[in-house]
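The next block is target.cif, given as mmCIF, C-alpha atoms, pLDDT in the B column; chains and numbers go by the auth columns.
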data_start
#
loop_
_atom_site.group_PDB
_atom_site.id
_atom_site.type_symbol
_atom_site.label_atom_id
_atom_site.label_comp_id
_atom_site.label_asym_id
_atom_site.label_seq_id
_atom_site.Cartn_x
_atom_site.Cartn_y
_atom_site.Cartn_z
_atom_site.B_iso_or_equiv
_atom_site.auth_seq_id
_atom_site.auth_asym_id
ATOM 1 C CA MET A 1 -14.595 80.603 37.391 50.00 1 A
ATOM 2 C CA ALA A 2 -15.021 84.200 36.240 53.00 2 A
ATOM 3 C CA ILE A 3 -13.013 87.145 37.508 49.00 3 A
ATOM 4 C CA ASN A 4 -14.959 90.360 37.899 53.00 4 A
ATOM 5 C CA ILE A 5 -12.648 93.131 36.616 47.00 5 A
ATOM 6 C CA SER A 6 -13.486 96.711 37.509 51.00 6 A
ATOM 7 C CA ALA A 7 -11.619 99.980 36.896 48.00 7 A
ATOM 8 C CA LYS A 8 -8.933 101.255 39.283 50.00 8 A
ATOM 9 C CA THR A 9 -8.444 97.771 40.809 51.00 9 A
ATOM 10 C CA ASP A 10 -4.878 96.696 41.555 54.00 10 A
ATOM 11 C CA TYR A 11 -4.284 93.147 40.327 50.00 11 A
ATOM 12 C CA SER A 12 -0.629 93.030 41.292 52.00 12 A
ATOM 13 C CA ALA A 13 -1.429 90.357 43.867 54.00 13 A
ATOM 14 C CA LEU A 14 -2.254 87.966 41.037 53.00 14 A
ATOM 15 C CA PHE A 15 1.455 87.912 40.201 50.00 15 A
ATOM 16 C CA SER A 16 2.803 87.637 43.731 53.00 16 A
ATOM 17 C CA SER A 17 3.468 83.910 43.447 55.00 17 A
ATOM 18 C CA LEU A 18 5.483 84.135 40.237 54.00 18 A
ATOM 19 C CA PRO A 19 9.130 83.041 40.491 54.00 19 A
ATOM 20 C CA THR A 20 11.712 85.763 41.051 52.00 20 A
ATOM 21 C CA SER A 21 14.796 83.654 40.354 50.00 21 A
ATOM 22 C CA ARG A 22 17.658 85.188 38.365 49.00 22 A
ATOM 23 C CA SER A 23 18.046 81.932 36.451 48.00 23 A
ATOM 24 C CA GLY A 24 17.692 81.828 32.677 46.00 24 A
ATOM 25 C CA ASP A 25 14.052 80.699 32.633 49.00 25 A
ATOM 26 C CA ALA A 26 11.306 82.599 30.849 47.00 26 A
ATOM 27 C CA MET A 27 10.297 84.461 33.995 47.00 27 A
ATOM 28 C CA THR A 28 13.702 86.051 34.500 47.00 28 A
ATOM 29 C CA ASN A 29 12.859 88.953 32.199 51.00 29 A
ATOM 30 C CA MET A 30 10.091 90.816 34.023 51.00 30 A
ATOM 31 C CA SER A 31 9.745 93.499 31.365 52.00 31 A
ATOM 32 C CA TRP A 32 6.338 92.028 30.497 53.00 32 A
ATOM 33 C CA LEU A 33 5.083 93.720 33.666 58.00 33 A
ATOM 34 C CA SER A 34 5.220 96.980 31.728 59.00 34 A
ATOM 35 C CA ASP A 35 2.611 95.506 29.387 62.00 35 A
ATOM 36 C CA TYR A 36 0.421 94.652 32.348 62.00 36 A
ATOM 37 C CA ALA A 37 0.883 98.195 33.667 61.00 37 A
ATOM 38 C CA SER A 38 -0.063 99.680 30.285 62.00 38 A
ATOM 39 C CA VAL A 39 -3.363 97.790 30.493 67.00 39 A
ATOM 40 C CA LYS A 40 -3.845 98.597 34.179 67.00 40 A
ATOM 41 C CA ASN A 41 -3.205 102.336 33.900 65.00 41 A
ATOM 42 C CA GLY A 42 -5.673 102.685 31.051 68.00 42 A
ATOM 43 C CA SER A 43 -3.285 103.590 28.241 66.00 43 A
ATOM 44 C CA TYR A 44 -4.168 100.576 26.090 65.00 44 A
ATOM 45 C CA GLY A 45 -7.879 101.260 26.502 71.00 45 A
ATOM 46 C CA LYS A 46 -7.397 104.892 25.484 70.00 46 A
ATOM 47 C CA LEU A 47 -5.593 103.840 22.333 70.00 47 A
ATOM 48 C CA MET A 48 -8.304 101.386 21.369 69.00 48 A
ATOM 49 C CA LYS A 49 -11.089 103.902 22.013 71.00 49 A
ATOM 50 C CA ALA A 50 -9.280 106.549 19.994 69.00 50 A
ATOM 51 C CA TYR A 51 -8.799 104.131 17.120 65.00 51 A
ATOM 52 C CA TYR A 52 -12.338 102.809 16.939 65.00 52 A
ATOM 53 C CA ALA A 53 -13.861 106.246 17.515 65.00 53 A
ATOM 54 C CA ALA A 54 -12.723 107.074 13.999 57.00 54 A
ATOM 55 C CA ASP A 55 -14.087 103.781 12.618 54.00 55 A
ATOM 56 C CA PRO A 56 -17.870 103.886 11.960 54.00 56 A
ATOM 57 C CA ALA A 57 -17.960 100.114 12.053 54.00 57 A
ATOM 58 C CA GLY A 58 -16.541 100.095 15.561 50.00 58 A
ATOM 59 C CA ALA A 59 -14.928 96.861 16.590 49.00 59 A
ATOM 60 C CA GLU A 60 -17.146 94.809 14.273 53.00 60 A
ATOM 61 C CA LYS A 61 -15.302 93.152 11.400 50.00 61 A
ATOM 62 C CA THR A 62 -16.700 92.110 8.046 50.00 62 A
ATOM 63 C CA SER A 63 -15.663 89.081 6.087 50.00 63 A
ATOM 64 C CA ASP A 64 -14.792 91.283 3.119 52.00 64 A
ATOM 65 C CA SER A 65 -11.004 91.507 3.031 52.00 65 A
ATOM 66 C CA LYS A 66 -11.216 94.914 1.349 50.00 66 A
ATOM 67 C CA THR A 67 -13.049 96.501 4.272 49.00 67 A
ATOM 68 C CA ALA A 68 -11.956 94.427 7.235 50.00 68 A
ATOM 69 C CA LYS A 69 -9.139 95.877 9.312 55.00 69 A
ATOM 70 C CA SER A 70 -6.387 93.441 10.191 57.00 70 A
ATOM 71 C CA SER A 71 -4.345 93.510 13.355 57.00 71 A
ATOM 72 C CA SER A 72 -1.501 94.990 11.337 57.00 72 A
ATOM 73 C CA ASP A 73 -3.792 97.890 10.344 59.00 73 A
ATOM 74 C CA VAL A 74 -4.494 98.556 14.008 55.00 74 A
ATOM 75 C CA LEU A 75 -0.826 98.433 14.937 54.00 75 A
ATOM 76 C CA SER A 76 0.104 100.655 12.004 56.00 76 A
ATOM 77 C CA SER A 77 -2.434 103.264 13.103 55.00 77 A
ATOM 78 C CA ILE A 78 -1.235 103.142 16.693 54.00 78 A
ATOM 79 C CA THR A 79 2.422 103.339 15.685 53.00 79 A
ATOM 80 C CA SER A 80 1.842 106.340 13.414 53.00 80 A
ATOM 81 C CA HIS A 81 -0.157 108.131 16.096 49.00 81 A
ATOM 82 C CA THR A 82 2.347 107.505 18.868 52.00 82 A
ATOM 83 C CA ALA A 83 5.354 108.458 16.736 50.00 83 A
ATOM 84 C CA ALA A 84 3.742 111.747 15.699 52.00 84 A
ATOM 85 C CA ALA A 85 2.792 112.585 19.280 54.00 85 A
ATOM 86 C CA VAL A 86 6.312 111.844 20.544 56.00 86 A
ATOM 87 C CA ASP A 87 7.879 114.003 17.840 66.00 87 A
ATOM 88 C CA GLN A 88 5.523 116.870 18.597 74.00 88 A
ATOM 89 C CA LYS A 89 6.180 116.814 22.332 81.00 89 A
ATOM 90 C CA THR A 90 9.916 116.346 21.957 83.00 90 A
ATOM 91 C CA ASN A 91 10.052 119.303 19.583 88.00 91 A
ATOM 92 C CA ALA A 92 8.080 121.482 22.010 90.00 92 A
ATOM 93 C CA TYR A 93 10.414 120.662 24.910 92.00 93 A
ATOM 94 C CA SER A 94 13.473 121.197 22.689 92.00 94 A
ATOM 95 C CA LYS A 95 12.240 124.729 22.016 94.00 95 A
ATOM 96 C CA VAL A 96 11.852 125.305 25.763 95.00 96 A
ATOM 97 C CA LYS A 97 15.400 124.082 26.379 95.00 97 A
ATOM 98 C CA ALA A 98 16.826 126.401 23.717 95.00 98 A
ATOM 99 C CA ALA A 99 14.850 129.379 25.026 96.00 99 A
ATOM 100 C CA ALA A 100 15.956 128.771 28.623 96.00 100 A
ATOM 101 C CA ASP A 101 19.567 128.467 27.505 96.00 101 A
ATOM 102 C CA ALA A 102 19.294 131.768 25.610 96.00 102 A
ATOM 103 C CA VAL A 103 18.087 133.541 28.764 96.00 103 A
ATOM 104 C CA GLN A 104 21.097 132.284 30.703 95.00 104 A
ATOM 105 C CA LYS A 105 23.521 133.303 27.965 93.00 105 A
ATOM 106 C CA ALA A 106 22.019 136.792 27.758 92.00 106 A
ATOM 107 C CA VAL A 107 22.449 137.314 31.498 92.00 107 A
ATOM 108 C CA THR A 108 26.013 136.021 31.351 90.00 108 A
ATOM 109 C CA GLY A 109 26.740 138.329 28.423 85.00 109 A
ATOM 110 C CA GLY A 110 25.508 141.314 30.392 82.00 110 A
ATOM 111 C CA ALA A 111 27.411 140.369 33.526 82.00 111 A
ATOM 112 C CA GLU A 112 30.697 139.571 31.812 82.00 112 A
ATOM 113 C CA ALA A 113 30.768 142.451 29.319 74.00 113 A
ATOM 114 C CA ASP A 114 33.713 144.788 29.586 76.00 114 A
ATOM 115 C CA PRO A 115 32.646 147.831 31.696 70.00 115 A
ATOM 116 C CA GLU A 116 34.236 150.000 29.026 75.00 116 A
ATOM 117 C CA ASP A 117 32.217 148.340 26.267 80.00 117 A
ATOM 118 C CA ALA A 118 28.837 149.974 26.783 76.00 118 A
ATOM 119 C CA ASP A 119 27.508 148.810 23.419 82.00 119 A
ATOM 120 C CA LYS A 120 28.129 145.161 24.198 83.00 120 A
ATOM 121 C CA ARG A 121 26.524 145.371 27.616 79.00 121 A
ATOM 122 C CA LYS A 122 23.453 147.130 26.231 83.00 122 A
ATOM 123 C CA ALA A 123 23.237 144.605 23.400 88.00 123 A
ATOM 124 C CA ALA A 124 23.057 141.918 26.086 89.00 124 A
ATOM 125 C CA VAL A 125 20.106 143.721 27.664 91.00 125 A
ATOM 126 C CA SER A 126 18.287 143.716 24.322 92.00 126 A
ATOM 127 C CA SER A 127 19.080 140.022 23.855 94.00 127 A
ATOM 128 C CA TYR A 128 17.758 139.256 27.313 95.00 128 A
ATOM 129 C CA VAL A 129 14.401 140.888 26.599 96.00 129 A
ATOM 130 C CA LYS A 130 13.980 138.839 23.407 96.00 130 A
ATOM 131 C CA ALA A 131 15.099 135.609 25.087 97.00 131 A
ATOM 132 C CA TYR A 132 12.823 136.171 28.082 97.00 132 A
ATOM 133 C CA ASN A 133 9.746 136.750 25.908 97.00 133 A
ATOM 134 C CA ASN A 134 10.584 133.697 23.813 97.00 134 A
ATOM 135 C CA LEU A 135 10.838 131.599 26.972 97.00 135 A
ATOM 136 C CA LEU A 136 7.368 132.751 28.030 97.00 136 A
ATOM 137 C CA GLU A 137 5.983 131.726 24.650 96.00 137 A
ATOM 138 C CA THR A 138 7.638 128.306 24.417 96.00 138 A
ATOM 139 C CA THR A 139 6.792 127.287 27.976 96.00 139 A
ATOM 140 C CA SER A 140 3.137 128.206 27.443 94.00 140 A
ATOM 141 C CA ALA A 141 3.023 125.545 24.714 92.00 141 A
ATOM 142 C CA VAL A 142 3.853 122.663 27.077 92.00 142 A
ATOM 143 C CA ASP A 143 1.876 121.181 29.943 90.00 143 A
ATOM 144 C CA HIS A 144 4.414 120.478 32.677 93.00 144 A
ATOM 145 C CA SER A 145 3.789 121.366 36.323 93.00 145 A
ATOM 146 C CA SER A 146 7.448 121.804 37.304 94.00 146 A
ATOM 147 C CA ILE A 147 8.159 124.078 34.356 95.00 147 A
ATOM 148 C CA ALA A 148 4.997 126.055 35.094 95.00 148 A
ATOM 149 C CA ASN A 149 6.100 126.517 38.718 95.00 149 A
ATOM 150 C CA ARG A 150 9.565 127.687 37.672 96.00 150 A
ATOM 151 C CA MET A 151 8.057 130.172 35.252 96.00 151 A
ATOM 152 C CA THR A 152 5.701 131.471 37.941 96.00 152 A
ATOM 153 C CA ASN A 153 8.737 132.137 40.122 96.00 153 A
ATOM 154 C CA LEU A 154 10.597 133.825 37.273 96.00 154 A
ATOM 155 C CA LYS A 155 7.667 136.090 36.432 96.00 155 A
ATOM 156 C CA ALA A 156 7.239 137.015 40.104 96.00 156 A
ATOM 157 C CA THR A 157 10.950 137.838 40.375 96.00 157 A
ATOM 158 C CA THR A 158 10.733 139.946 37.217 97.00 158 A
ATOM 159 C CA ALA A 159 7.684 141.828 38.478 96.00 159 A
ATOM 160 C CA GLY A 160 9.478 142.482 41.758 95.00 160 A
ATOM 161 C CA ALA A 161 12.446 143.984 39.888 95.00 161 A
ATOM 162 C CA SER A 162 10.296 146.196 37.650 95.00 162 A
ATOM 163 C CA SER A 163 11.720 149.430 39.063 95.00 163 A
ATOM 164 C CA ASP A 164 15.328 148.351 38.436 95.00 164 A
ATOM 165 C CA LEU A 165 14.392 147.093 34.969 96.00 165 A
ATOM 166 C CA ALA A 166 12.717 150.414 34.168 96.00 166 A
ATOM 167 C CA LYS A 167 16.019 152.221 34.783 94.00 167 A
ATOM 168 C CA VAL A 168 17.529 150.470 31.769 93.00 168 A
ATOM 169 C CA GLY A 169 14.450 150.879 29.570 95.00 169 A
ATOM 170 C CA ILE A 170 12.679 147.567 30.289 96.00 170 A
ATOM 171 C CA THR A 171 8.965 147.600 31.076 97.00 171 A
ATOM 172 C CA VAL A 172 7.010 144.630 32.458 96.00 172 A
ATOM 173 C CA SER A 173 3.567 144.422 30.845 93.00 173 A
ATOM 174 C CA LYS A 174 0.418 143.026 32.452 89.00 174 A
ATOM 175 C CA ASP A 175 0.772 139.732 30.576 90.00 175 A
ATOM 176 C CA GLY A 176 4.298 139.306 31.941 93.00 176 A
ATOM 177 C CA LYS A 177 6.179 140.080 28.742 96.00 177 A
ATOM 178 C CA LEU A 178 9.001 142.588 28.570 97.00 178 A
ATOM 179 C CA SER A 179 9.277 145.570 26.247 96.00 179 A
ATOM 180 C CA LEU A 180 12.398 147.598 25.625 95.00 180 A
ATOM 181 C CA ASP A 181 12.740 151.328 25.043 95.00 181 A
ATOM 182 C CA GLU A 182 15.924 151.633 22.982 91.00 182 A
ATOM 183 C CA GLU A 183 16.347 155.329 23.753 91.00 183 A
ATOM 184 C CA LYS A 184 16.141 154.779 27.514 92.00 184 A
ATOM 185 C CA LEU A 185 18.584 151.889 27.219 90.00 185 A
ATOM 186 C CA ALA A 186 21.026 154.051 25.273 87.00 186 A
ATOM 187 C CA ALA A 187 20.855 156.702 28.009 89.00 187 A
ATOM 188 C CA ALA A 188 20.974 154.212 30.895 88.00 188 A
ATOM 189 C CA ASP A 189 23.728 154.429 33.501 88.00 189 A
ATOM 190 C CA GLU A 190 26.219 151.578 33.248 85.00 190 A
ATOM 191 C CA LYS A 191 25.995 151.153 37.012 88.00 191 A
ATOM 192 C CA ASP A 192 22.286 150.310 36.734 90.00 192 A
ATOM 193 C CA ILE A 193 22.950 147.683 34.082 88.00 193 A
ATOM 194 C CA LYS A 194 25.739 146.189 36.185 87.00 194 A
ATOM 195 C CA LYS A 195 23.525 146.101 39.263 89.00 195 A
ATOM 196 C CA LEU A 196 20.815 144.349 37.281 91.00 196 A
ATOM 197 C CA PHE A 197 22.969 141.467 36.065 88.00 197 A
ATOM 198 C CA GLU A 198 26.019 141.063 38.309 89.00 198 A
ATOM 199 C CA GLY A 199 26.277 139.264 41.657 88.00 199 A
ATOM 200 C CA LYS A 200 24.331 136.524 43.412 88.00 200 A
ATOM 201 C CA GLY A 201 21.781 138.947 44.763 90.00 201 A
ATOM 202 C CA SER A 202 21.017 140.456 41.368 94.00 202 A
ATOM 203 C CA TYR A 203 17.907 140.025 39.281 95.00 203 A
ATOM 204 C CA GLY A 204 19.997 138.391 36.562 95.00 204 A
ATOM 205 C CA TYR A 205 21.273 135.733 38.932 94.00 205 A
ATOM 206 C CA SER A 206 17.747 134.794 40.054 95.00 206 A
ATOM 207 C CA ALA A 207 16.564 134.698 36.428 96.00 207 A
ATOM 208 C CA THR A 208 19.476 132.440 35.502 96.00 208 A
ATOM 209 C CA VAL A 209 18.655 129.992 38.298 96.00 209 A
ATOM 210 C CA SER A 210 15.004 129.783 37.225 96.00 210 A
ATOM 211 C CA ALA A 211 15.933 129.399 33.558 96.00 211 A
ATOM 212 C CA ALA A 212 18.449 126.660 34.376 96.00 212 A
ATOM 213 C CA MET A 213 15.782 124.705 36.252 96.00 213 A
ATOM 214 C CA VAL A 214 13.337 125.129 33.357 96.00 214 A
ATOM 215 C CA GLU A 215 15.994 123.801 30.983 95.00 215 A
ATOM 216 C CA SER A 216 16.638 120.810 33.239 94.00 216 A
ATOM 217 C CA ASN A 217 12.921 119.994 33.524 94.00 217 A
ATOM 218 C CA ALA A 218 12.450 120.316 29.764 93.00 218 A
ATOM 219 C CA ASN A 219 15.422 118.065 29.094 90.00 219 A
ATOM 220 C CA TYR A 220 14.030 115.362 31.376 89.00 220 A
ATOM 221 C CA ALA A 221 10.533 115.678 29.910 87.00 221 A
ATOM 222 C CA ALA A 222 11.849 115.374 26.356 83.00 222 A
ATOM 223 C CA SER A 223 13.826 112.225 27.177 80.00 223 A
ATOM 224 C CA SER A 224 10.886 110.543 28.931 74.00 224 A
ATOM 225 C CA ASN A 225 8.353 110.852 26.090 55.00 225 A
ATOM 226 C CA SER A 226 8.063 107.246 24.943 50.00 226 A
ATOM 227 C CA THR A 227 4.686 105.681 25.755 46.00 227 A
ATOM 228 C CA TYR A 228 1.231 106.531 27.045 47.00 228 A
ATOM 229 C CA ASN A 229 0.377 106.943 30.711 50.00 229 A
ATOM 230 C CA ALA A 230 -3.090 106.694 32.298 48.00 230 A
ATOM 231 C CA ALA A 231 -3.927 110.266 31.283 50.00 231 A
ATOM 232 C CA GLY A 232 -3.252 109.525 27.642 49.00 232 A
ATOM 233 C CA ASP A 233 0.063 111.428 27.714 49.00 233 A
ATOM 234 C CA TYR A 234 3.509 109.970 27.223 45.00 234 A
ATOM 235 C CA SER A 235 5.766 108.755 30.014 47.00 235 A
ATOM 236 C CA ASN A 236 9.058 106.890 30.161 43.00 236 A
ATOM 237 C CA PHE A 237 7.196 103.617 30.460 38.00 237 A
ATOM 238 C CA ALA A 238 8.650 101.080 28.024 37.00 238 A
ATOM 239 C CA GLY A 239 7.020 97.848 27.058 38.00 239 A
ATOM 240 C CA SER A 240 6.334 95.477 24.188 37.00 240 A
ATOM 241 C CA LEU A 241 2.541 95.691 24.279 38.00 241 A
ATOM 242 C CA PHE A 242 2.327 97.690 21.062 38.00 242 A
ATOM 243 C CA THR A 243 4.938 95.721 19.145 37.00 243 A
ATOM 244 C CA GLY A 244 3.164 92.401 19.198 38.00 244 A
ATOM 245 C CA THR A 245 -0.143 91.284 17.731 37.00 245 A
ATOM 246 C CA VAL A 246 -3.580 92.481 18.765 37.00 246 A
#
As structure tokens - that is how I would like this structure written.
Amino acid sequence: MAINISAKTDYSALFSSLPTSRSGDAMTNMSWLSDYASVKNGSYGKLMKAYYAADPAGAEKTSDSKTAKSSSDVLSSITSHTAAAVDQKTNAYSKVKAAADAVQKAVTGGAEADPEDADKRKAAVSSYVKAYNNLLETTSAVDHSSIANRMTNLKATTAGASSDLAKVGITVSKDGKLSLDEEKLAAADEKDIKKLFEGKGSYGYSATVSAAMVESNANYAASSNSTYNAAGDYSNFAGSLFTGTV
């Protein structure tokens, strides 16, 4: 009897009668379901297509041992590809985390600076501008909806505070980046700097909240990059499908 398999079909019912006992039999460890899910969500198919797309011979094998690709060759290619992709994504999210942390520290530095130490407070303003622009750059390099939403909120908050920012020499450009006029900052009133960064209703407080959420999202995304999902990206889905034989 043949089973007609088509895309996007849920075959979970095929496993509904399997034992669910906690005894020490072979079915106790249900981690193999992750392998089934990897096939079902399309990740395995994407890997195979990507591999054979670069092989002119396709899936056809020759009897010549010098040209035929063994299963170990396939696994080696997949392993190298997945490891490189994980490293690249993890590195990108690590940069986002560091940038978000720098924004928070800059705001804290401005808020906690001694009122009598004008140089330190103004240095914090300069640091904030650099950290903010770096955060814009690093977040643009990752594709993450939650991070994108947080950054949209941060940019909207910044645009809304443009008049207060201008008082301390900060200008918001059309692309969302900040620019600093050192002369205006040097001549800025300490009260304007304090108003910008101190208190829960301040611009600095709102920026810190957004940056903290970006850091949290980036941290979670970096820790969940382990295997492919249906879109060909990595998720926290763990399985043994790619550690066995093909």
query = Which one is closest to Val107 (chain A): A:Lys49, A:Lys177, A:Lys89, A:Lys195? Count only C-alpha atoms.
reply =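 Among A:Lys49, A:Lys177, A:Lys89, A:Lys195, it is A:Lys195 that comes nearest to Val107 (chain A).
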request  = Translate the PyMOL selection byres ((chain A and resi 143) around 12), as applied to the file shown, into an explicit residue set as an MDAnalysis selection string.
outcome  = chainID A and resid 89 92:93 96 138:142 144:149 217:218 221 233:234
task = Could you give me, as a ChimeraX atom specification, the residues within 8 Å of region 116-128 of chain A, counting all atoms listed in the file and dropping anything in the same chain fewer than 2 positions from it?
result = /A:102-103,106-107,109-111,113-114,130-132,180,185-186,190,193
request  = Would you list the contacts of Glu183 (chain A) as a ChimeraX atom specification, taking every protein, DNA or RNA residue within 12 Å and counting only C-alpha atoms, but skipping same-chain residues closer than 5 positions in sequence?
outcome  = /A:122,126,167-170,188
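The interatomic distance for the pair CA of Gly160 (chain A) and CA of Phe197 (chain A) works out to 14.7 Å.
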task = Work out how far apart CA of Lys191 (chain A) and CA of Leu154 (chain A) are and give it in Å to one decimal.
result =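 Taking CA of Lys191 (chain A) as the start and CA of Leu154 (chain A) as the end point, the length is 23.2 Å.
Take CA of Thr152 (chain A) and CA of Lys95 (chain A): the distance between them is 18.5 Å.
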key: Best match for closeness to Ala211 (chain A) among A:Ser223, A:Asn91, A:Thr171, A:Thr157, counting all atoms listed in the file   =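 With all atoms listed in the file as the atom set, the closest residue is A:Thr157.
Restricting the calculation to all atoms listed in the file, the smallest distance between Ser216 (chain A) and any of A:Arg150, A:Val129, A:Lys174, A:Pro115 is found for A:Arg150.
Ranking A:Thr158, A:Lys97, A:Glu182, A:Tyr220 by their shortest atom-to-atom distance to Tyr205 (chain A), with all atoms listed in the file included, puts A:Thr158 first.
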